[in-house]
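As stored in run.json (JSON, C-alpha atoms):
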```json
[["chain", "number", "residue", "atom", "x", "y", "z"],
["P", 1225, "ALA", "CA", 44.24, 26.08, -42.08],
["P", 1226, "LYS", "CA", 46.62, 24.72, -44.70],
["P", 1227, "ASP", "CA", 46.49, 21.20, -46.15],
["P", 1228, "ASN", "CA", 50.05, 19.80, -46.10],
["P", 1229, "SER", "CA", 49.09, 16.21, -46.91],
["P", 1230, "LYS", "CA", 51.07, 16.37, -50.18],
["P", 1231, "ASP", "CA", 54.24, 17.56, -48.40],
["P", 1232, "LYS", "CA", 55.57, 14.64, -46.36],
["P", 1233, "ASP", "CA", 57.81, 16.68, -44.02],
["P", 1234, "ALA", "CA", 55.27, 19.42, -43.39],
["P", 1235, "PHE", "CA", 52.48, 16.89, -42.89],
["P", 1236, "SER", "CA", 54.59, 14.98, -40.37],
["P", 1237, "LYS", "CA", 55.27, 18.19, -38.44],
["P", 1238, "ASP", "CA", 51.54, 19.01, -38.40],
["P", 1239, "LEU", "CA", 50.73, 15.54, -37.03],
["P", 1240, "LEU", "CA", 53.45, 15.90, -34.41],
["P", 1241, "LYS", "CA", 51.96, 19.18, -33.17],
["P", 1242, "ILE", "CA", 48.50, 17.58, -32.95],
["P", 1243, "ALA", "CA", 49.90, 14.55, -31.11],
["P", 1244, "LYS", "CA", 51.77, 16.74, -28.60],
["P", 1245, "THR", "CA", 48.61, 18.71, -27.87],
["P", 1246, "THR", "CA", 46.60, 15.49, -27.44],
["P", 1247, "LEU", "CA", 49.22, 14.00, -25.13],
["P", 1248, "SER", "CA", 49.46, 17.04, -22.85],
["P", 1249, "SER", "CA", 48.82, 15.33, -19.54],
["P", 1250, "LYS", "CA", 50.59, 14.94, -16.21],
["P", 1251, "ILE", "CA", 51.31, 11.27, -16.93],
["P", 1252, "LEU", "CA", 53.09, 11.87, -20.26],
["P", 1253, "HIS", "CA", 54.35, 15.40, -19.65],
["P", 1254, "ILE", "CA", 58.04, 14.42, -19.46],
["P", 1255, "ASP", "CA", 57.90, 11.91, -22.33],
["P", 1256, "LYS", "CA", 55.41, 13.82, -24.48],
["P", 1257, "GLU", "CA", 57.87, 14.29, -27.37],
["P", 1258, "TYR", "CA", 58.82, 10.59, -27.33],
["P", 1259, "PHE", "CA", 55.24, 9.28, -27.45],
["P", 1260, "ALA", "CA", 54.05, 11.94, -29.90],
["P", 1261, "LYS", "CA", 56.72, 10.84, -32.39],
["P", 1262, "MET", "CA", 55.76, 7.18, -31.82],
["P", 1263, "ALA", "CA", 52.09, 7.95, -32.50],
["P", 1264, "VAL", "CA", 52.90, 9.88, -35.68],
["P", 1265, "ASP", "CA", 55.26, 7.20, -36.98],
["P", 1266, "SER", "CA", 52.61, 4.51, -36.42],
["P", 1267, "VAL", "CA", 49.96, 6.52, -38.31],
["P", 1268, "LEU", "CA", 52.33, 7.29, -41.19],
["P", 1269, "ARG", "CA", 53.04, 3.57, -41.58],
["P", 1270, "LEU", "CA", 49.41, 3.13, -42.61],
["P", 1271, "LYS", "CA", 50.33, 5.00, -45.81],
["P", 1272, "GLY", "CA", 47.11, 6.97, -46.02],
["P", 1273, "SER", "CA", 44.79, 4.25, -44.77],
["P", 1274, "THR", "CA", 42.16, 5.35, -42.23],
["P", 1275, "HIS", "CA", 42.04, 1.90, -40.59],
["P", 1276, "LEU", "CA", 43.43, 2.99, -37.23],
["P", 1277, "GLU", "CA", 42.35, -0.38, -35.82],
["P", 1278, "SER", "CA", 45.34, -1.80, -37.70],
["P", 1279, "ILE", "CA", 47.49, -0.27, -34.95],
["P", 1280, "ALA", "CA", 47.63, -2.67, -32.01],
["P", 1281, "ILE", "CA", 48.62, -1.40, -28.56],
["P", 1282, "ILE", "CA", 50.05, -4.13, -26.32],
["P", 1283, "LYS", "CA", 50.32, -3.37, -22.62],
["P", 1284, "LYS", "CA", 52.75, -5.16, -20.31],
["P", 1285, "LEU", "CA", 53.46, -4.72, -16.61],
["P", 1286, "GLY", "CA", 56.94, -3.69, -15.49],
["P", 1287, "GLY", "CA", 59.55, -1.39, -16.96],
["P", 1288, "THR", "CA", 59.29, 2.35, -17.51],
["P", 1289, "MET", "CA", 57.34, 4.49, -19.97],
["P", 1290, "ARG", "CA", 60.52, 4.84, -22.05],
["P", 1291, "ASP", "CA", 60.65, 1.07, -22.52],
["P", 1292, "SER", "CA", 57.70, 1.47, -24.90],
["P", 1293, "TYR", "CA", 58.58, 1.15, -28.58],
["P", 1294, "LEU", "CA", 57.07, 0.88, -32.05],
["P", 1295, "GLU", "CA", 57.61, -2.61, -33.43],
["P", 1296, "GLU", "CA", 58.64, -3.15, -37.05],
["P", 1297, "GLY", "CA", 55.78, -5.44, -37.98],
["P", 1298, "PHE", "CA", 52.59, -6.76, -36.39],
["P", 1299, "LEU", "CA", 52.42, -8.73, -33.12],
["P", 1300, "ILE", "CA", 49.87, -11.10, -31.64],
["P", 1301, "GLU", "CA", 50.27, -12.62, -28.19],
["P", 1302, "LYS", "CA", 50.04, -16.27, -29.19],
["P", 1303, "SER", "CA", 52.23, -19.36, -29.43],
["P", 1304, "ILE", "CA", 52.94, -21.57, -32.43],
["P", 1305, "GLY", "CA", 51.79, -25.21, -32.32],
["P", 1306, "VAL", "CA", 54.00, -27.98, -30.91],
["P", 1307, "GLY", "CA", 56.52, -29.43, -33.38],
["P", 1308, "GLN", "CA", 55.75, -26.80, -36.02],
["P", 1309, "PRO", "CA", 58.12, -24.31, -37.68],
["P", 1310, "LYS", "CA", 58.89, -21.32, -35.43],
["P", 1311, "ARG", "CA", 60.10, -19.18, -38.32],
["P", 1312, "ILE", "CA", 58.78, -18.96, -41.90],
["P", 1313, "GLU", "CA", 60.00, -16.73, -44.71],
["P", 1314, "ASN", "CA", 57.75, -15.68, -47.62],
["P", 1315, "ALA", "CA", 54.69, -16.86, -45.72],
["P", 1316, "LYS", "CA", 51.39, -17.73, -47.42],
["P", 1317, "ILE", "CA", 48.68, -17.46, -44.78],
["P", 1318, "LEU", "CA", 45.16, -18.81, -44.47],
["P", 1319, "LEU", "CA", 42.95, -17.02, -41.92],
["P", 1320, "ALA", "CA", 39.97, -19.01, -40.69],
["P", 1321, "ASN", "CA", 37.15, -19.22, -38.20],
["P", 1322, "THR", "CA", 36.33, -22.91, -38.00],
["P", 1323, "ALA", "CA", 35.99, -25.75, -35.48],
["P", 1324, "MET", "CA", 39.18, -27.78, -35.24],
["P", 1325, "ASP", "CA", 38.13, -30.25, -32.52],
["P", 1326, "ASN", "CA", 35.67, -32.85, -33.81],
["P", 1327, "ASP", "CA", 34.16, -31.82, -37.12],
["P", 1328, "LYS", "CA", 30.64, -32.94, -36.34],
["P", 1329, "ILE", "CA", 27.11, -31.61, -36.19],
["P", 1330, "LYS", "CA", 26.24, -30.47, -32.68],
["P", 1331, "LEU", "CA", 22.59, -30.99, -31.71],
["P", 1332, "HIS", "CA", 21.56, -29.34, -28.46],
["P", 1333, "GLY", "CA", 19.98, -31.82, -26.07],
["P", 1334, "ALA", "CA", 20.78, -34.81, -28.30],
["P", 1335, "ARG", "CA", 22.18, -37.95, -26.67],
["P", 1336, "VAL", "CA", 23.35, -41.20, -28.17],
["P", 1337, "LYS", "CA", 23.40, -44.40, -26.08],
["P", 1338, "SER", "CA", 25.11, -47.60, -27.15],
["P", 1339, "ASP", "CA", 26.20, -50.82, -25.48],
["P", 1340, "ASN", "CA", 28.35, -51.71, -28.49],
["P", 1341, "LEU", "CA", 31.95, -50.55, -28.03],
["P", 1342, "ASP", "CA", 32.78, -51.40, -31.65],
["P", 1343, "LEU", "CA", 30.08, -48.99, -32.82],
["P", 1344, "VAL", "CA", 31.45, -46.24, -30.57],
["P", 1345, "ALA", "CA", 34.93, -46.86, -31.99],
["P", 1346, "LYS", "CA", 33.56, -46.59, -35.54],
["P", 1347, "ILE", "CA", 31.90, -43.26, -34.72],
["P", 1348, "GLU", "CA", 35.16, -41.92, -33.25],
["P", 1349, "GLU", "CA", 37.12, -43.13, -36.27],
["P", 1350, "ALA", "CA", 34.64, -41.46, -38.64],
["P", 1351, "GLU", "CA", 35.01, -38.17, -36.76],
["P", 1352, "ARG", "CA", 38.80, -38.53, -36.91],
["P", 1353, "GLU", "CA", 38.73, -39.11, -40.68],
["P", 1354, "ARG", "CA", 36.46, -36.10, -41.19],
["P", 1355, "MET", "CA", 38.91, -33.89, -39.31],
["P", 1356, "LEU", "CA", 41.91, -35.21, -41.27],
["P", 1357, "THR", "CA", 40.03, -34.54, -44.51],
["P", 1358, "LYS", "CA", 39.41, -30.97, -43.35],
["P", 1359, "CYS", "CA", 43.10, -30.53, -42.47],
["P", 1360, "LYS", "CA", 44.13, -31.82, -45.91],
["P", 1361, "LYS", "CA", 41.82, -29.30, -47.60],
["P", 1362, "ILE", "CA", 43.48, -26.53, -45.59],
["P", 1363, "VAL", "CA", 46.99, -27.66, -46.56],
["P", 1364, "ASP", "CA", 45.87, -28.01, -50.20],
["P", 1365, "HIS", "CA", 45.46, -24.21, -50.31],
["P", 1366, "GLY", "CA", 49.24, -24.15, -50.68],
["P", 1367, "VAL", "CA", 49.81, -22.32, -47.40],
["P", 1368, "ASN", "CA", 52.61, -22.64, -44.86],
["P", 1369, "CYS", "CA", 50.75, -20.82, -42.08],
["P", 1370, "PHE", "CA", 47.22, -21.42, -40.76],
["P", 1371, "ILE", "CA", 45.65, -19.02, -38.24],
["P", 1372, "ASN", "CA", 42.34, -19.94, -36.64],
["P", 1373, "ARG", "CA", 40.03, -17.90, -34.40],
["P", 1374, "GLN", "CA", 39.03, -21.08, -32.59],
["P", 1375, "LEU", "CA", 41.09, -23.71, -30.76],
["P", 1376, "ILE", "CA", 43.16, -26.26, -32.67],
["P", 1377, "TYR", "CA", 43.15, -29.66, -30.97],
["P", 1378, "ASN", "CA", 45.83, -32.37, -30.90],
["P", 1379, "LEU", "CA", 44.96, -34.27, -34.08],
["P", 1380, "PRO", "CA", 44.99, -31.27, -36.47],
["P", 1381, "GLU", "CA", 48.00, -29.79, -34.63],
["P", 1382, "GLN", "CA", 49.92, -33.00, -35.30],
["P", 1383, "PHE", "CA", 48.77, -33.06, -38.94],
["P", 1384, "PHE", "CA", 50.03, -29.50, -39.52],
["P", 1385, "ALA", "CA", 53.34, -30.31, -37.82],
["P", 1386, "GLU", "CA", 53.83, -33.31, -40.14],
["P", 1387, "HIS", "CA", 53.16, -31.08, -43.16],
["P", 1388, "LYS", "CA", 55.50, -28.28, -41.96],
["P", 1389, "VAL", "CA", 52.62, -25.82, -41.58],
["P", 1390, "MET", "CA", 52.75, -23.24, -38.79],
["P", 1391, "ALA", "CA", 49.42, -23.18, -36.95],
["P", 1392, "ILE", "CA", 48.27, -20.46, -34.55],
["P", 1393, "GLU", "CA", 45.10, -21.07, -32.57],
["P", 1394, "HIS", "CA", 42.53, -19.00, -30.71],
["P", 1395, "ALA", "CA", 43.31, -15.69, -32.39],
["P", 1396, "ASP", "CA", 40.61, -13.49, -30.84],
["P", 1397, "PHE", "CA", 38.07, -11.72, -33.06],
["P", 1398, "GLU", "CA", 39.81, -8.35, -32.88],
["P", 1399, "GLY", "CA", 43.23, -9.89, -33.54],
["P", 1400, "ALA", "CA", 41.96, -11.87, -36.51],
["P", 1401, "GLU", "CA", 40.26, -8.82, -38.02],
["P", 1402, "ARG", "CA", 43.46, -6.77, -37.63],
["P", 1403, "LEU", "CA", 45.49, -9.54, -39.23],
["P", 1404, "ALA", "CA", 43.10, -9.70, -42.17],
["P", 1405, "LEU", "CA", 43.62, -5.97, -42.72],
["P", 1406, "VAL", "CA", 47.39, -6.06, -42.29],
["P", 1407, "LEU", "CA", 47.93, -9.19, -44.41],
["P", 1408, "ASP", "CA", 45.32, -8.23, -47.04],
["P", 1409, "ALA", "CA", 43.50, -11.53, -46.51],
["P", 1410, "GLU", "CA", 39.98, -12.73, -45.83],
["P", 1411, "ILE", "CA", 38.69, -14.90, -42.99],
["P", 1412, "VAL", "CA", 37.11, -18.12, -44.27],
["P", 1413, "SER", "CA", 35.16, -20.97, -42.69],
["P", 1414, "THR", "CA", 34.94, -23.46, -45.58],
["P", 1415, "PHE", "CA", 37.78, -24.92, -47.65],
["P", 1416, "ASP", "CA", 36.25, -26.57, -50.71],
["P", 1417, "HIS", "CA", 37.28, -23.89, -53.22],
["P", 1418, "PRO", "CA", 40.90, -22.73, -52.72],
["P", 1419, "GLU", "CA", 40.76, -20.75, -55.96],
["P", 1420, "LEU", "CA", 38.19, -18.38, -54.42],
["P", 1421, "VAL", "CA", 40.10, -17.72, -51.18],
["P", 1422, "LYS", "CA", 42.17, -14.57, -50.71],
["P", 1423, "LEU", "CA", 45.31, -15.64, -48.86],
["P", 1424, "GLY", "CA", 47.51, -13.35, -46.80],
["P", 1425, "SER", "CA", 51.25, -12.95, -47.18],
["P", 1426, "CYS", "CA", 54.27, -11.44, -45.45],
["P", 1427, "LYS", "CA", 58.05, -11.68, -45.69],
["P", 1428, "LEU", "CA", 58.62, -13.27, -42.29],
["P", 1429, "ILE", "CA", 56.71, -14.88, -39.40],
["P", 1430, "GLU", "CA", 58.62, -15.77, -36.25],
["P", 1431, "GLU", "CA", 58.03, -16.50, -32.58],
["P", 1432, "ILE", "CA", 59.66, -14.00, -30.22],
["P", 1433, "ILE", "CA", 59.78, -13.34, -26.49],
["P", 1434, "ILE", "CA", 58.97, -9.94, -24.96],
["P", 1435, "GLY", "CA", 59.61, -9.87, -21.23],
["P", 1436, "GLU", "CA", 58.25, -13.23, -20.12],
["P", 1437, "ASP", "CA", 55.56, -13.56, -22.78],
["P", 1438, "THR", "CA", 55.49, -15.27, -26.18],
["P", 1439, "PHE", "CA", 54.42, -13.40, -29.31],
["P", 1440, "VAL", "CA", 54.18, -14.16, -33.00],
["P", 1441, "LYS", "CA", 55.66, -11.39, -35.15],
["P", 1442, "PHE", "CA", 54.62, -10.70, -38.76],
["P", 1443, "SER", "CA", 56.97, -8.53, -40.80]]
```
Mind turning the file's structure into structure tokens?
Amino acid sequence: AKDNSKDKDAFSKDLLKIAKTTLSSKILHIDKEYFAKMAVDSVLRLKGSTHLESIAIIKKLGGTMRDSYLEEGFLIEKSIGVGQPKRIENAKILLANTAMDNDKIKLHGARVKSDNLDLVAKIEEAERERMLTKCKKIVDHGVNCFINRQLIYNLPEQFFAEHKVMAIEHADFEGAERLALVLDAEIVSTFDHPELVKLGSCKLIEEIIIGEDTFVKFS
């Protein structure tokens, strides 16, 4: 066996032969060349990285095998928050795994009873202020895109819209991990020290439609 990893053309041909052999099945027999080239091109885009999990395969019903294609960029099947920018150039991205509903301590089995509506209102207002403080800390990282593994509720969604920050919620664990790899970022859960956080970046983020579904594209 000969190592052609230093010769780009020869290495590509070697990978193509391997891919064709791997894809020798009745299902892909006719389109074997097409999908082998797609597989090789996707691996070569990793530029030597062995993180094959950076390659996301998105399956959609309808169409033919030949409708499959290799996207220039990275896709996640999510929508951007209401009233927020749908397209951002030179994006600075904060990846997080944090609660964005009511920022409060949850005690299992705990119950609070009160016959004082003013007291209840004060508790709700305190929770609201805590969430707004958290949102401000996120924006103070100097980002224009915030991606969270958990849900983002109405109050923080509105805050991000007012500050022209694109927010993407409920990015699943696998999607968030892939994004961290692709964007060269880290996933954080606290926001008190922006100087210690490794932000992600990309040239363009935009919302696109594929078939009948909404995706966010990073390129």
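Closest approach to Gly1424 in chain P among P:Gly1287, P:Gly1272, P:Gly1305, P:Gly1366 is made by P:Gly1366 (distances from all atoms listed in the file).
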At most 10 Å from (48.1, -7.4, -22.7), file frame, only C-alpha atoms: which residues, as an mmCIF file with C-alpha atoms, in the coordinates of the input?
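Contents of part-v2.cif, freshly written:
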```cif
data_model
loop_
_atom_site.group_PDB
_atom_site.id
_atom_site.type_symbol
_atom_site.label_atom_id
_atom_site.label_comp_id
_atom_site.auth_asym_id
_atom_site.auth_seq_id
_atom_site.Cartn_x
_atom_site.Cartn_y
_atom_site.Cartn_z
ATOM 1 C CA ILE P 1281 48.620 -1.400 -28.560
ATOM 2 C CA ILE P 1282 50.050 -4.130 -26.320
ATOM 3 C CA LYS P 1283 50.320 -3.370 -22.620
ATOM 4 C CA LYS P 1284 52.750 -5.160 -20.310
ATOM 5 C CA LEU P 1285 53.460 -4.720 -16.610
ATOM 6 C CA ILE P 1300 49.870 -11.100 -31.640
ATOM 7 C CA GLU P 1301 50.270 -12.620 -28.190
ATOM 8 C CA ASP P 1437 55.560 -13.560 -22.780
#
```
Please return, as a list in words, all polymer residues that have at least one atom within 6 Å of the point (54.2, -20.5, -36.9); use all atoms listed in the file and the file's own coordinate frame. Ile1304, Pro1309, Lys1310, Met1390 and Ala1391 of chain P
Expressed in Å to a single decimal, how great is the separation between CA of Met1262 in chain P and CA of Arg1311 in chain P? 27.5 Å
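Near range 1410-1412 of chain P, within 6 Å and counting only C-alpha atoms, sit Leu1319, Ala1320, Ala1404 and Lys1422 of chain P; same-chain residues fewer than 4 positions away were not included.
With all atoms listed in the file as the basis for measurement, P:Glu1295 is the residue among P:Glu1295, P:Asp1233, P:Glu1257, P:Asp1364 that approaches Lys1441 in chain P most closely.
With CA of Ala1280 in chain P on one side and CA of Glu1313 in chain P on the other, the separation reads 22.6 Å.
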Around all listed atoms of range 1428-1437 of chain P, padded 5 Å per side, what centre and edge lengths does the axis-aligned box have in Å to one decimal, as JSON?
```
{"center_x": 57.7, "center_y": -13.2, "center_z": -31.2, "size_x": 14.2, "size_y": 16.6, "size_z": 32.2}
```
Counting all atoms listed in the file, what is within 9 Å of Leu1423 in chain P, bar same-chain residues fewer than 3 positions away, as a PDB file with C-alpha atoms, in the frame of the given file?
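Everything below was put into selection-v1.pdb:
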```pdb
ATOM      1  CA  LYS P1316      51.390 -17.730 -47.420  1.00  0.00           C
ATOM      2  CA  ILE P1317      48.680 -17.460 -44.780  1.00  0.00           C
ATOM      3  CA  LEU P1318      45.160 -18.810 -44.470  1.00  0.00           C
ATOM      4  CA  LEU P1319      42.950 -17.020 -41.920  1.00  0.00           C
ATOM      5  CA  HIS P1365      45.460 -24.210 -50.310  1.00  0.00           C
ATOM      6  CA  VAL P1367      49.810 -22.320 -47.400  1.00  0.00           C
ATOM      7  CA  LEU P1407      47.930  -9.190 -44.410  1.00  0.00           C
ATOM      8  CA  ASP P1408      45.320  -8.230 -47.040  1.00  0.00           C
ATOM      9  CA  ALA P1409      43.500 -11.530 -46.510  1.00  0.00           C
ATOM     10  CA  GLU P1410      39.980 -12.730 -45.830  1.00  0.00           C
ATOM     11  CA  ILE P1411      38.690 -14.900 -42.990  1.00  0.00           C
TER      12      ILE P1411
END
```
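Reported to one decimal place, the separation of CA of Thr1322 in chain P from CA of Arg1373 in chain P is 7.2 Å.
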Write out as a VMD selection string which residues come within 9 Å of Ser1278 in chain P when counting all atoms listed in the file, dropping same-chain ones fewer than 5 positions away. chain P and resid 1270 1298 1401 to 1403 1405 to 1406
